[in-house]
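Written out below as structure tokens is the structure these notes cover.
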Amino acid sequence: MKFDLHTHHFRCGHADDTIEAYIQAGIKTGLNVIGISDHSPYFASDEDQPSPGIAMAKSDFANYIDEVLRLKAKYEGQIDVLLGVESDFFPQHAQVYGDVYARYPFDYIIGSVHQSRGVSIFNRNRWKKLNEAQQIDEKRHYYDLIGQSARSGMFQILGHIDAMKGYYPAFSALAADDAIDDCLKTIAESSVSIEINTSGKTKDVGGWYPSDAILERAQHFGVTVSFGSDAHKPSRVGDDWELVAKRLKEIGFTEWFYYKNKKPVRVPL
């Protein structure tokens with residue numbers, strides 16, 4: 001059973017092609033299940049689309065839902081198309097986002113921290129004027145946000161939980177293991193999965209999110225795992241699936257999960 005739950009398309013403003021192109025790519029690469037999970041609009045903003053190159057317009061969200069559901073019906077019997085969304089997590093706006101999501105029949109929602117203290121986690125400049133102690137504090141704050149997202153009850157999967165390293169590889173070496181462990185314990189207690197996200201290979205850091213070291217500790221604490229290519233072009237759908245499965249088995253995982261109707265579906269490794 002081969003699945004990929006993290007894919008994007010043109011509506012977010014920084015991905016290529018249509019939803020249908022990703023579904024067709026999934027069929028071509030042998031997926032049984034594909035999840036469509038484009039970036040959520042900024043629901044708490046007064047503007048319809050404050051960041052056209054980052055997220056879709058609020059006014060286009062219902063069209064997104066309708067298109068996924070139409071294609072789900074069209075490709076029934078060929079591939080199981082699941083309705084998802086990659087949601088930003090802003091603690092102060094969680095209720096706003098939750099109220100919107102409650103209107104739609106999502107199979108799963110991926111919760112991703114993309115901003116910390118109002119700055120993109122991918123912004124290289126955030127690190128330039130910080131000393132080591134301040135950098136460690138930033139890392140601890142980031143993992144506190146991820147822990148809050150797990151406790152929120154809004155999500156079935158947490159996205160790319162060490163993506164802050166994407167354009168700052170030194171992030172991984174910052175000493176905050178206790179904060180990561182506390183976060184992983186919270187994730188396990190919240191019965192939320194983390195994804196192995198293979199898009200890190202497209203960033204400065206290379207490799208996947210999260211690191212093997214974090215995956216080993218996640219396995220120790222009983223955290224469940226899922227898979228997402230985080231494809232922003234159809235050619236990356238299912239990217240490194242077999243390699244990830246092999247590595248997870250080496251670490252000690254025996255299963256991973258996708259979500260349908262917000263219920264976990266177990267897939268043996």
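Starting from 1 in every chain, residues are counted up; chains themselves are A, B, ... following the order of the structure tokens, and ligands are numbered from 1 as listed.
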field: For region 127-129 of chain A: contacts at 12 Å, only C-alpha atoms, fewer than 2 positions along chain excluded, given as a ChimeraX atom specification
entry: /A:119-125,131-139,164-165,167-171,174
Which residues, written as a PyMOL selection string, have at least one atom at most 8 Å from region 4-19 of chain A, with only C-alpha atoms counted and residues fewer than 3 positions away on the same chain left out? chain A and resi 22-23+31+33-39+52-56+68+82+84+86+227-234+237-238+258
Taken to one decimal, the CA of His160 (chain A)-CA of Ile110 (chain A) distance is 9.7 Å
Checklist line | Contacts of Val113 (chain A) at 7 Å (only C-alpha atoms; same-chain gap of 5+ positions) as an MDAnalysis selection string | finding: chainID A and resid 88:89 146
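Rounded to one decimal, CA of Lys249 (chain A) and CA of Glu216 (chain A) lie 10.9 Å from each other.
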Running DSSP on the backbone, which parts of region 17-259 of chain A land in helix (DSSP H, G or I), as a PyMOL selection string? chain A and resi 19-28+58-74+91-101+124-127+132-151+163-165+169-173+177-189+198-202+212-221+234-236+241-251
*Please run DSSP on the backbone and report, as a list of chain:residue names, all residues within region 37-142 of chain A that come out as strand (DSSP E).*
A:Asp80, A:Val81, A:Leu82, A:Leu83, A:Glu86, A:Ser87, A:Asp88, A:Ile110, A:Gly111, A:Ser112, A:Gln115, A:Ser116, A:Val119, A:Ser120
Output file for the selection above: N, CA, C and O atoms, as an mmCIF file, in the first residue's frame:
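Saved file out_39.cif follows:
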```cif
data_model
loop_
_atom_site.group_PDB
_atom_site.id
_atom_site.type_symbol
_atom_site.label_atom_id
_atom_site.label_comp_id
_atom_site.auth_asym_id
_atom_site.auth_seq_id
_atom_site.Cartn_x
_atom_site.Cartn_y
_atom_site.Cartn_z
ATOM 1 N N ASP A 80 -7.098 6.188 -4.711
ATOM 2 C CA ASP A 80 -7.931 6.782 -3.671
ATOM 3 C C ASP A 80 -7.436 8.211 -3.416
ATOM 4 O O ASP A 80 -6.330 8.409 -2.902
ATOM 5 N N VAL A 81 -8.234 9.177 -3.815
ATOM 6 C CA VAL A 81 -7.875 10.590 -3.648
ATOM 7 C C VAL A 81 -8.461 11.084 -2.329
ATOM 8 O O VAL A 81 -9.681 11.017 -2.117
ATOM 9 N N LEU A 82 -7.596 11.590 -1.450
ATOM 10 C CA LEU A 82 -8.026 12.047 -0.131
ATOM 11 C C LEU A 82 -7.992 13.569 -0.063
ATOM 12 O O LEU A 82 -7.108 14.216 -0.629
ATOM 13 N N LEU A 83 -8.961 14.113 0.644
ATOM 14 C CA LEU A 83 -9.057 15.556 0.821
ATOM 15 C C LEU A 83 -8.293 15.972 2.076
ATOM 16 O O LEU A 83 -8.644 15.586 3.190
ATOM 17 N N GLU A 86 -2.761 21.532 4.128
ATOM 18 C CA GLU A 86 -1.641 21.825 5.022
ATOM 19 C C GLU A 86 -1.951 23.160 5.688
ATOM 20 O O GLU A 86 -1.942 24.207 5.045
ATOM 21 N N SER A 87 -2.239 23.073 6.965
ATOM 22 C CA SER A 87 -2.682 24.247 7.699
ATOM 23 C C SER A 87 -1.536 24.906 8.444
ATOM 24 O O SER A 87 -0.764 24.239 9.142
ATOM 25 N N ASP A 88 -1.453 26.224 8.336
ATOM 26 C CA ASP A 88 -0.580 26.955 9.246
ATOM 27 C C ASP A 88 -1.100 26.797 10.662
ATOM 28 O O ASP A 88 -2.299 26.565 10.885
ATOM 29 N N ILE A 110 -2.902 18.471 7.900
ATOM 30 C CA ILE A 110 -1.500 18.538 8.300
ATOM 31 C C ILE A 110 -1.278 19.884 8.987
ATOM 32 O O ILE A 110 -1.552 20.933 8.408
ATOM 33 N N GLY A 111 -0.779 19.854 10.206
ATOM 34 C CA GLY A 111 -0.459 21.080 10.922
ATOM 35 C C GLY A 111 1.020 21.397 10.796
ATOM 36 O O GLY A 111 1.858 20.581 11.174
ATOM 37 N N SER A 112 1.334 22.547 10.249
ATOM 38 C CA SER A 112 2.727 22.921 10.024
ATOM 39 C C SER A 112 3.008 24.305 10.601
ATOM 40 O O SER A 112 2.254 25.245 10.350
ATOM 41 N N GLN A 115 5.782 29.862 10.634
ATOM 42 C CA GLN A 115 6.264 31.115 11.183
ATOM 43 C C GLN A 115 6.493 30.967 12.679
ATOM 44 O O GLN A 115 5.703 30.320 13.372
ATOM 45 N N SER A 116 7.567 31.563 13.151
ATOM 46 C CA SER A 116 7.873 31.590 14.577
ATOM 47 C C SER A 116 8.213 33.019 14.954
ATOM 48 O O SER A 116 9.080 33.638 14.340
ATOM 49 N N VAL A 119 8.139 35.481 11.985
ATOM 50 C CA VAL A 119 9.133 35.398 10.917
ATOM 51 C C VAL A 119 9.103 33.991 10.325
ATOM 52 O O VAL A 119 9.009 32.995 11.053
ATOM 53 N N SER A 120 9.205 33.889 9.013
ATOM 54 C CA SER A 120 9.231 32.586 8.362
ATOM 55 C C SER A 120 10.373 31.733 8.913
ATOM 56 O O SER A 120 11.493 32.219 9.114
#
```
Would you pick out the contacts of region 182-186 of chain A at 10 Å or less, using only C-alpha atoms, so that residues sharing its chain but fewer than 5 positions from it are not included, and give the list as a VMD selection string?
chain A and resid 140 142 to 151 161 177 191 to 192 194 214 to 215 217 to 223
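The neighbours of Met1 (chain A) here are the residues that come within 10 Å of it, using only C-alpha atoms and leaving out any residue fewer than 3 positions away in the same chain; they are Gly30, Leu31, Asn32, Val33, Arg266, Val267, Pro268 and Leu269 of chain A.
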